[in-house]
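Next up, model12.cif (mmCIF, C-alpha atoms and all ligand atoms):
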data_entry
loop_
_atom_site.label_atom_id
_atom_site.label_comp_id
_atom_site.auth_asym_id
_atom_site.auth_seq_id
_atom_site.Cartn_x
_atom_site.Cartn_y
_atom_site.Cartn_z
CA PRO P 1 -55.40 68.39 -31.80
CA LEU P 2 -51.83 68.90 -30.73
CA LYS P 3 -52.82 67.81 -27.26
CA THR P 4 -54.57 64.76 -28.69
CA ILE P 5 -51.52 63.82 -30.70
CA ALA P 6 -49.29 64.29 -27.69
CA MET P 7 -51.58 62.13 -25.60
CA ALA P 8 -51.73 59.48 -28.27
CA ALA P 9 -47.96 59.52 -28.56
CA PHE P 10 -47.70 59.20 -24.81
CA ALA P 11 -50.11 56.25 -24.85
CA VAL P 12 -48.15 54.50 -27.59
CA GLY P 13 -44.94 55.19 -25.71
CA ALA P 14 -46.37 53.77 -22.50
CA MET P 15 -47.65 50.71 -24.34
CA ALA P 16 -44.27 50.16 -25.94
CA THR P 17 -42.57 50.48 -22.56
CA SER P 18 -44.91 48.02 -20.91
CA PHE P 19 -44.54 45.71 -23.89
CA ILE P 20 -40.76 45.81 -23.53
CA ALA P 21 -41.06 45.26 -19.78
CA ALA P 22 -43.33 42.25 -20.29
CA ALA P 23 -41.01 40.84 -22.95
CA GLU P 24 -37.96 40.96 -20.70
CA PRO P 25 -36.75 37.32 -20.54
CA VAL P 26 -36.62 35.57 -17.20
CA GLU P 27 -33.06 34.82 -16.15
CA ILE P 28 -32.30 31.31 -14.90
CA LYS P 29 -28.96 31.00 -13.11
CA PHE P 30 -26.92 27.80 -13.18
CA SER P 31 -23.91 27.89 -10.89
CA HIS P 32 -21.15 25.30 -10.54
CA VAL P 33 -17.63 24.92 -9.19
CA VAL P 34 -15.68 23.26 -12.00
CA ALA P 35 -14.03 24.55 -15.17
CA GLU P 36 -16.04 24.92 -18.38
CA ASN P 37 -14.01 22.26 -20.14
CA THR P 38 -15.48 19.42 -18.05
CA PRO P 39 -18.57 17.20 -18.36
CA LYS P 40 -20.50 19.43 -15.93
CA GLY P 41 -19.29 22.65 -17.49
CA GLN P 42 -20.30 21.45 -20.94
CA ALA P 43 -23.69 20.14 -19.79
CA ALA P 44 -24.51 23.50 -18.22
CA LEU P 45 -23.64 25.32 -21.46
CA LYS P 46 -25.71 22.85 -23.44
CA PHE P 47 -28.67 23.55 -21.16
CA LYS P 48 -28.25 27.28 -21.81
CA ALA P 49 -28.13 26.78 -25.58
CA LEU P 50 -31.22 24.55 -25.60
CA VAL P 51 -33.37 26.77 -23.38
CA GLU P 52 -32.49 29.91 -25.31
CA GLU P 53 -33.19 28.14 -28.61
CA ARG P 54 -36.55 26.73 -27.54
CA LEU P 55 -37.84 29.57 -25.38
CA PRO P 56 -36.31 32.56 -27.17
CA GLY P 57 -37.02 35.91 -25.57
CA GLU P 58 -38.79 34.18 -22.68
CA TYR P 59 -35.91 32.66 -20.71
CA THR P 60 -32.17 33.15 -20.64
CA VAL P 61 -29.74 30.93 -18.78
CA SER P 62 -26.64 32.44 -17.17
CA VAL P 63 -23.98 29.88 -16.35
CA PHE P 64 -21.45 30.70 -13.63
CA PRO P 65 -18.51 28.23 -13.59
CA ASN P 66 -15.46 27.98 -11.28
CA SER P 67 -17.29 28.86 -8.02
CA GLN P 68 -17.63 32.36 -9.49
CA LEU P 69 -21.10 32.99 -8.10
CA PHE P 70 -21.47 30.34 -5.40
CA GLY P 71 -19.10 27.66 -4.14
CA ASP P 72 -19.36 24.45 -2.16
CA ASN P 73 -20.08 26.24 1.09
CA ASN P 74 -23.12 28.16 -0.06
CA GLU P 75 -24.59 26.90 -3.34
CA LEU P 76 -27.33 24.76 -1.82
CA ALA P 77 -28.34 27.48 0.63
CA ALA P 78 -28.41 29.92 -2.30
CA LEU P 79 -30.64 27.51 -4.21
CA LEU P 80 -33.14 27.44 -1.37
CA LEU P 81 -33.12 31.24 -1.29
CA ASN P 82 -33.77 31.28 -5.06
CA ASP P 83 -30.55 33.24 -5.62
CA VAL P 84 -29.65 30.52 -8.12
CA GLN P 85 -32.07 28.12 -9.84
CA PHE P 86 -29.88 25.16 -10.79
CA VAL P 87 -26.76 23.68 -9.21
CA ALA P 88 -25.16 20.27 -9.66
CA PRO P 89 -23.08 19.43 -6.59
CA SER P 90 -21.26 16.16 -6.39
CA LEU P 91 -23.28 13.43 -4.67
CA SER P 92 -20.85 13.76 -1.74
CA LYS P 93 -22.08 17.25 -0.92
CA PHE P 94 -25.70 16.67 0.10
CA GLU P 95 -25.05 15.21 3.53
CA ARG P 96 -26.77 18.08 5.34
CA TYR P 97 -29.96 17.38 3.40
CA THR P 98 -29.99 13.58 3.22
CA LYS P 99 -27.85 10.70 4.43
CA ARG P 100 -29.14 8.41 1.68
CA LEU P 101 -26.79 9.75 -0.98
CA GLN P 102 -23.78 8.81 1.13
CA LEU P 103 -24.20 5.52 -0.69
CA PHE P 104 -22.23 6.84 -3.65
CA ASP P 105 -19.19 7.60 -1.49
CA LEU P 106 -18.67 4.03 -0.29
CA PRO P 107 -15.22 3.01 -1.53
CA PHE P 108 -15.11 0.34 -4.26
CA LEU P 109 -18.91 0.14 -4.42
CA PHE P 110 -19.15 0.30 -8.23
CA LYS P 111 -16.74 -1.55 -10.45
CA ASP P 112 -16.98 0.98 -13.27
CA MET P 113 -19.12 3.78 -14.71
CA ASP P 114 -21.40 1.30 -16.49
CA ALA P 115 -22.38 -0.05 -13.09
CA VAL P 116 -22.94 3.51 -11.83
CA GLU P 117 -25.18 4.22 -14.81
CA LYS P 118 -27.06 0.97 -14.33
CA PHE P 119 -27.74 1.74 -10.69
CA GLN P 120 -28.72 5.37 -11.30
CA THR P 121 -31.27 4.38 -13.92
CA SER P 122 -32.72 1.59 -11.74
CA ASP P 123 -35.81 2.13 -9.54
CA ALA P 124 -33.61 2.34 -6.45
CA GLY P 125 -31.33 4.92 -8.07
CA GLN P 126 -34.25 6.96 -9.37
CA SER P 127 -35.93 6.96 -5.96
CA LEU P 128 -32.93 8.81 -4.53
CA LEU P 129 -33.67 11.77 -6.79
CA SER P 130 -36.52 12.66 -4.46
CA SER P 131 -34.60 12.01 -1.24
CA MET P 132 -34.44 15.75 -0.45
CA LYS P 133 -38.00 16.71 -1.40
CA ARG P 134 -38.93 17.40 2.20
CA LYS P 135 -36.08 19.90 2.35
CA GLY P 136 -37.37 21.68 -0.73
CA ILE P 137 -34.76 20.27 -3.11
CA GLU P 138 -35.81 18.48 -6.32
CA GLY P 139 -33.43 16.04 -7.98
CA MET P 140 -33.65 16.54 -11.74
CA GLY P 141 -31.18 13.87 -12.82
CA TYR P 142 -27.74 12.33 -12.39
CA LEU P 143 -24.80 13.75 -14.25
CA HIS P 144 -21.57 11.80 -14.66
CA ASN P 145 -18.05 12.83 -14.03
CA GLY P 146 -16.18 9.59 -13.41
CA MET P 147 -14.08 7.46 -11.11
CA LYS P 148 -11.73 9.06 -8.57
CA GLN P 149 -7.97 8.65 -8.37
CA PHE P 150 -5.65 9.47 -5.49
CA SER P 151 -2.93 12.05 -5.99
CA ALA P 152 -0.05 12.81 -3.65
CA ASN P 153 3.54 13.99 -3.53
CA ASP P 154 4.84 10.50 -2.87
CA PRO P 155 4.00 7.35 -4.80
CA MET P 156 1.16 5.34 -3.26
CA THR P 157 0.90 1.71 -4.26
CA LEU P 158 -0.30 0.23 -0.98
CA PRO P 159 -2.63 1.56 1.75
CA LYS P 160 0.31 2.00 4.12
CA ASP P 161 1.68 4.67 1.75
CA ALA P 162 -1.26 6.91 2.65
CA SER P 163 -0.74 6.56 6.36
CA GLY P 164 0.15 9.78 8.19
CA LYS P 165 -0.65 11.95 5.17
CA LYS P 166 -3.20 14.72 4.96
CA PHE P 167 -5.81 14.58 2.20
CA ARG P 168 -8.48 17.00 1.13
CA VAL P 169 -11.95 15.49 0.89
CA MET P 170 -15.33 16.85 -0.11
CA ALA P 171 -17.69 17.58 2.78
CA SER P 172 -18.64 13.94 3.38
CA ASP P 173 -18.29 11.86 6.51
CA VAL P 174 -17.93 8.71 4.42
CA LEU P 175 -14.95 10.15 2.59
CA ALA P 176 -13.40 11.24 5.87
CA ALA P 177 -13.94 7.73 7.28
CA GLN P 178 -12.32 6.28 4.18
CA PHE P 179 -9.07 8.09 5.02
CA ASP P 180 -9.42 7.18 8.71
CA THR P 181 -9.21 3.51 7.71
CA LEU P 182 -5.87 4.33 6.05
CA GLN P 183 -4.58 6.08 9.20
CA ALA P 184 -4.50 9.26 7.17
CA THR P 185 -6.00 12.65 8.01
CA ALA P 186 -8.92 13.96 5.98
CA VAL P 187 -9.66 17.66 5.78
CA LYS P 188 -12.98 18.83 4.36
CA LYS P 189 -12.37 21.78 2.07
CA PRO P 190 -14.24 23.43 -0.78
CA PHE P 191 -13.14 22.59 -4.30
CA SER P 192 -12.04 26.18 -4.96
CA GLU P 193 -9.30 25.88 -2.32
CA VAL P 194 -7.74 22.59 -3.39
CA PHE P 195 -5.12 23.91 -5.79
CA THR P 196 -3.67 26.35 -3.26
CA LEU P 197 -3.73 23.80 -0.46
CA LEU P 198 -1.72 21.44 -2.65
CA GLN P 199 0.61 24.11 -3.95
CA THR P 200 1.48 25.39 -0.48
CA ARG P 201 1.78 21.82 0.81
CA ALA P 202 -0.84 22.51 3.47
CA ILE P 203 -2.09 19.06 2.41
CA ASP P 204 -0.26 16.10 0.89
CA GLY P 205 -2.87 14.88 -1.52
CA GLN P 206 -6.47 14.63 -2.65
CA GLU P 207 -8.84 12.38 -4.58
CA ASN P 208 -10.55 13.39 -7.80
CA THR P 209 -11.40 12.51 -11.39
CA TRP P 210 -8.94 12.90 -14.26
CA SER P 211 -11.08 15.70 -15.60
CA ASN P 212 -10.91 17.76 -12.40
CA ILE P 213 -7.23 16.96 -11.80
CA TYR P 214 -6.44 18.18 -15.30
CA SER P 215 -8.73 21.19 -15.66
CA LYS P 216 -7.79 22.58 -12.23
CA LYS P 217 -4.09 21.80 -12.74
CA PHE P 218 -3.80 19.70 -9.58
CA TYR P 219 -1.36 17.48 -11.46
CA GLU P 220 1.06 20.39 -11.72
CA VAL P 221 1.40 20.46 -7.95
CA GLN P 222 1.28 16.69 -7.32
CA SER P 223 4.09 14.30 -8.24
CA TYR P 224 2.07 11.08 -8.36
CA ILE P 225 -1.42 9.94 -9.26
CA THR P 226 -2.47 6.44 -8.27
CA GLU P 227 -4.95 5.05 -10.77
CA SER P 228 -7.15 3.54 -8.08
CA ASN P 229 -10.66 4.07 -9.47
CA HIS P 230 -11.68 3.64 -5.84
CA GLY P 231 -14.90 5.60 -5.90
CA VAL P 232 -17.27 7.58 -8.05
CA LEU P 233 -17.62 11.34 -8.42
CA ASP P 234 -20.99 12.05 -9.97
CA TYR P 235 -23.50 14.84 -9.61
CA MET P 236 -27.16 15.44 -9.00
CA VAL P 237 -28.61 18.37 -10.89
CA VAL P 238 -31.04 19.99 -8.47
CA THR P 239 -33.46 22.88 -8.31
CA SER P 240 -35.67 24.17 -5.53
CA SER P 241 -39.25 22.95 -5.24
CA ALA P 242 -40.41 26.56 -4.88
CA PHE P 243 -38.83 27.68 -8.15
CA TRP P 244 -39.85 24.54 -9.97
CA LYS P 245 -43.50 24.68 -8.91
CA GLY P 246 -43.60 28.39 -9.67
CA LEU P 247 -42.88 27.85 -13.37
CA PRO P 248 -45.84 27.76 -15.77
CA ALA P 249 -46.52 24.08 -16.53
CA ASP P 250 -45.84 24.35 -20.26
CA LYS P 251 -42.51 26.15 -19.70
CA ARG P 252 -41.51 23.69 -16.98
CA LYS P 253 -42.00 20.87 -19.44
CA VAL P 254 -39.75 22.47 -22.05
CA ILE P 255 -37.09 23.35 -19.47
CA LYS P 256 -37.11 19.78 -18.10
CA GLN P 257 -36.69 18.44 -21.63
CA CYS P 258 -33.73 20.79 -22.21
CA LEU P 259 -32.19 19.66 -18.94
CA ASP P 260 -32.63 15.97 -19.75
CA GLU P 261 -30.93 16.49 -23.10
CA ALA P 262 -28.12 18.54 -21.55
CA ILE P 263 -27.52 15.82 -18.96
CA ALA P 264 -27.49 13.12 -21.64
CA PHE P 265 -24.99 15.24 -23.58
CA GLY P 266 -22.72 15.64 -20.52
CA ASN P 267 -22.99 11.95 -19.67
CA LYS P 268 -21.93 10.98 -23.16
CA LEU P 269 -18.96 13.28 -22.93
CA ALA P 270 -17.77 12.23 -19.48
CA ALA P 271 -15.90 9.00 -20.27
CA ASP P 272 -14.07 10.52 -23.25
CA LYS P 273 -13.19 13.65 -21.32
CA ASN P 274 -11.66 11.67 -18.47
CA ALA P 275 -9.70 9.41 -20.84
CA GLU P 276 -8.50 12.44 -22.78
CA ASP P 277 -7.48 14.37 -19.66
CA ARG P 278 -5.70 11.31 -18.27
CA GLN P 279 -3.64 11.19 -21.47
CA LEU P 280 -2.89 14.92 -21.33
CA ILE P 281 -1.59 14.46 -17.78
CA VAL P 282 0.59 11.50 -18.82
CA ASP P 283 1.90 13.47 -21.82
CA SER P 284 2.73 16.49 -19.67
CA GLY P 285 5.42 14.43 -17.98
CA VAL P 286 4.88 16.49 -14.81
CA THR P 287 3.18 13.73 -12.83
CA LYS P 288 3.78 10.03 -12.74
CA VAL P 289 0.73 7.81 -13.03
CA VAL P 290 1.02 4.79 -10.74
CA GLU P 291 -0.90 1.76 -12.00
CA LEU P 292 -1.90 -0.88 -9.47
CA SER P 293 -1.49 -4.63 -9.86
CA ASP P 294 -4.50 -6.77 -8.94
CA SER P 295 -3.03 -7.65 -5.58
CA GLU P 296 -2.14 -4.04 -4.80
CA ARG P 297 -5.67 -2.96 -5.67
CA GLN P 298 -7.04 -5.75 -3.49
CA ALA P 299 -5.03 -4.39 -0.56
CA TRP P 300 -6.79 -1.00 -0.94
CA ILE P 301 -10.17 -2.74 -1.10
CA ASP P 302 -9.42 -4.74 2.05
CA ALA P 303 -8.30 -1.62 3.89
CA MET P 304 -11.22 0.60 2.93
CA LYS P 305 -14.18 -1.77 2.75
CA PRO P 306 -14.93 -1.62 6.52
CA VAL P 307 -16.40 1.83 5.87
CA TRP P 308 -19.47 0.12 4.36
CA LYS P 309 -20.50 -1.43 7.69
CA GLN P 310 -19.93 1.84 9.48
CA PHE P 311 -22.52 3.66 7.36
CA GLU P 312 -24.89 0.80 6.59
CA ASP P 313 -27.63 1.96 8.98
CA GLN P 314 -27.64 5.53 7.69
CA ILE P 315 -27.61 4.57 4.03
CA GLY P 316 -29.82 1.48 4.17
CA LYS P 317 -28.72 -2.07 3.48
CA ASP P 318 -31.33 -2.32 0.71
CA MET P 319 -29.68 0.54 -1.18
CA ILE P 320 -26.20 -0.93 -0.79
CA ASP P 321 -27.46 -4.27 -2.08
CA ALA P 322 -29.13 -2.59 -5.05
CA ALA P 323 -25.90 -0.79 -5.89
CA VAL P 324 -23.84 -3.96 -5.60
CA ALA P 325 -26.31 -5.75 -7.87
CA ALA P 326 -25.56 -3.17 -10.58
CA ASN P 327 -22.04 -4.61 -10.87
CA LYS P 328 -23.37 -7.81 -12.40
C1 LIG P 401 -14.76 18.29 -5.71
O1 LIG P 401 -15.12 19.06 -4.80
O2 LIG P 401 -13.65 17.75 -5.72
C2 LIG P 401 -15.70 18.01 -6.84
O3 LIG P 401 -16.95 17.73 -6.30
C3 LIG P 401 -15.81 19.18 -7.75
C4 LIG P 401 -16.84 18.91 -8.81
O4 LIG P 401 -17.89 19.55 -8.78
O5 LIG P 401 -16.56 18.07 -9.66
#
Could you render the structure as structure tokens?
Ligand code: LMR
Amino acid sequence: PLKTIAMAAFAVGAMATSFIAAAEPVEIKFSHVVAENTPKGQAALKFKALVEERLPGEYTVSVFPNSQLFGDNNELAALLLNDVQFVAPSLSKFERYTKRLQLFDLPFLFKDMDAVEKFQTSDAGQSLLSSMKRKGIEGMGYLHNGMKQFSANDPMTLPKDASGKKFRVMASDVLAAQFDTLQATAVKKPFSEVFTLLQTRAIDGQENTWSNIYSKKFYEVQSYITESNHGVLDYMVVTSSAFWKGLPADKRKVIKQCLDEAIAFGNKLAADKNAEDRQLIVDSGVTKVVELSDSERQAWIDAMKPVWKQFEDQIGKDMIDAAVAANK
């Protein structure tokens, strides 16, 4: 009987072990390059909270901010290797996978974030979510940050003020071309290196949203920010087709719903966050915000607009027209 009891105990133990093993939640990794106190950082945390609330014990979401796990140079490759399941690079960072998204980098394409939203929710905008399907990348949705501003160590009110200076840009040929038109030099560098490049004066300036300029302290190492609103910095939340298709259909549905809600949450936050961070920068007194008159702004438009023609064939005239129509 002792043997029987021992065997029974062993069986129960083995069952318990296998039960525990089966109950181990699946870890979903979400990696990004910005601070937590940003629209993207907050959306990622919202996604984590929603998934863990609705699929308790089944899925956990680990969020890695600040290029901690993967940065600009490797996050999409890591996604395709299933080393991370969700990333949300800026729309400027997909060039290796599609040229269609270069649309968003055209300077002065959208007059404000309402126009960006209107275009992204239109049929044309939605069709771009699947522009990388053939490469195994699924667009889950657009996430807002906001409009970009120029920062530099000298005041810039007219395009000639940028001439001869060196600016960091995201890895986008359109953004590089934009600085070419200003007779400036563009250097493509990952987001994680920008602060040091500015601090050591390896570069003179950069372009970014108020939220990124504030949360990464760029304003502390830049004397001037020109409120140019010359382009948009938004994101596409993406996953890999392999991971996505591999999920059980019912779980996929819940996870998509969580993601949609997290994106909506981030999008709602974005405008306030940028306005708030702009004010914090002004209040810091460290950096001077240069506001442009209508004619000064027009001079920047005139200087940079030729970039549109340069990329028209790659992007598609139809897409450019659809984006312009969203300004109405
Ligand atoms: C940048 O590289 O400047 C931005 O794309 C960073 C980000 O993700 O907002």
Quick one: residues within 9 Å of ligand LIG 401 (chain P), with all atoms listed in the file, as a PDB file with C-alpha atoms, in the frame of the given file?
ATOM      1  CA  HIS P  32     -21.150  25.300 -10.540  1.00  0.00           C
ATOM      2  CA  VAL P  33     -17.630  24.920  -9.190  1.00  0.00           C
ATOM      3  CA  VAL P  34     -15.680  23.260 -12.000  1.00  0.00           C
ATOM      4  CA  ALA P  35     -14.030  24.550 -15.170  1.00  0.00           C
ATOM      5  CA  THR P  38     -15.480  19.420 -18.050  1.00  0.00           C
ATOM      6  CA  PRO P  39     -18.570  17.200 -18.360  1.00  0.00           C
ATOM      7  CA  LYS P  40     -20.500  19.430 -15.930  1.00  0.00           C
ATOM      8  CA  ASP P  72     -19.360  24.450  -2.160  1.00  0.00           C
ATOM      9  CA  ALA P  88     -25.160  20.270  -9.660  1.00  0.00           C
ATOM     10  CA  PRO P  89     -23.080  19.430  -6.590  1.00  0.00           C
ATOM     11  CA  SER P  90     -21.260  16.160  -6.390  1.00  0.00           C
ATOM     12  CA  LEU P  91     -23.280  13.430  -4.670  1.00  0.00           C
ATOM     13  CA  SER P  92     -20.850  13.760  -1.740  1.00  0.00           C
ATOM     14  CA  LYS P  93     -22.080  17.250  -0.920  1.00  0.00           C
ATOM     15  CA  ASN P 145     -18.050  12.830 -14.030  1.00  0.00           C
ATOM     16  CA  ARG P 168      -8.480  17.000   1.130  1.00  0.00           C
ATOM     17  CA  VAL P 169     -11.950  15.490   0.890  1.00  0.00           C
ATOM     18  CA  MET P 170     -15.330  16.850  -0.110  1.00  0.00           C
ATOM     19  CA  ALA P 171     -17.690  17.580   2.780  1.00  0.00           C
ATOM     20  CA  LYS P 189     -12.370  21.780   2.070  1.00  0.00           C
ATOM     21  CA  PRO P 190     -14.240  23.430  -0.780  1.00  0.00           C
ATOM     22  CA  PHE P 191     -13.140  22.590  -4.300  1.00  0.00           C
ATOM     23  CA  SER P 192     -12.040  26.180  -4.960  1.00  0.00           C
ATOM     24  CA  VAL P 194      -7.740  22.590  -3.390  1.00  0.00           C
ATOM     25  CA  GLN P 206      -6.470  14.630  -2.650  1.00  0.00           C
ATOM     26  CA  GLU P 207      -8.840  12.380  -4.580  1.00  0.00           C
ATOM     27  CA  ASN P 208     -10.550  13.390  -7.800  1.00  0.00           C
ATOM     28  CA  THR P 209     -11.400  12.510 -11.390  1.00  0.00           C
ATOM     29  CA  SER P 211     -11.080  15.700 -15.600  1.00  0.00           C
ATOM     30  CA  ASN P 212     -10.910  17.760 -12.400  1.00  0.00           C
ATOM     31  CA  ILE P 213      -7.230  16.960 -11.800  1.00  0.00           C
ATOM     32  CA  LEU P 233     -17.620  11.340  -8.420  1.00  0.00           C
ATOM     33  CA  ASP P 234     -20.990  12.050  -9.970  1.00  0.00           C
ATOM     34  CA  TYR P 235     -23.500  14.840  -9.610  1.00  0.00           C
TER      35      TYR P 235
END
Exercise for review: Please provide as a ChimeraX atom specification all residues within 8 Å of Met132 of chain P, with the sequence filter that same-chain residues fewer than 4 positions apart are discarded (counting all atoms listed in the file).
Suggested key: /P:97-98,136-139
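Comparing the minimum interatomic distances between Val232 of chain P and each of P:Ala23, P:Ala49, P:Leu247, P:Leu109, counting all atoms listed in the file, we find that P:Leu109 sits nearest.
Pairwise distance (atom CA of Gly231 of chain P, atom CA of Phe110 of chain P) equals 7.2 Å.
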Point to revise | Contact residues around Ala162 of chain P with only C-alpha atoms at 9 Å, ignoring same-chain residues under 3 positions, as an MDAnalysis selection string | key: chainID P and resid 152 154 156:159 165:167 179 182:184
Check your understanding: Got a sec: who's within 12 Å of segment 292-308 of chain P, counting all atoms listed in the file, leaving out chain neighbours fewer than 6 positions off, as a PyMOL selection string?
Key -> chain P and resi 102-111+149-150+155-163+173-184+225-231+314-317+319-321+324
Review point. Any idea what's packed within 12 Å of Glu58 of chain P, counting all atoms listed in the file, ignoring anything in its chain fewer than 6 positions away? Could you give it as a ChimeraX atom specification?
Key: /P:20-28,51-52,247-248,251,254-255
Review point. Which residues come within 7 Å of Ile263 of chain P, counting only C-alpha atoms, excluding same-chain residues fewer than 3 positions away, as a PyMOL selection string?
Key: chain P and resi 43+143+259-260+266-267
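When atom CA of Ala275 of chain P is paired with atom CA of Met147 of chain P, their separation reads 10.8 Å.
Among the candidates P:Ala270, P:Lys309, P:Ala262, P:Met113, the one nearest to Lys48 of chain P when counting all atoms listed in the file is P:Ala262.
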Practice item. Considering all atoms listed in the file, state which residue in the set P:Glu53, P:Asp112, P:Glu193, P:Glu36 is at the smallest distance from Asn327 of chain P. Key: P:Asp112
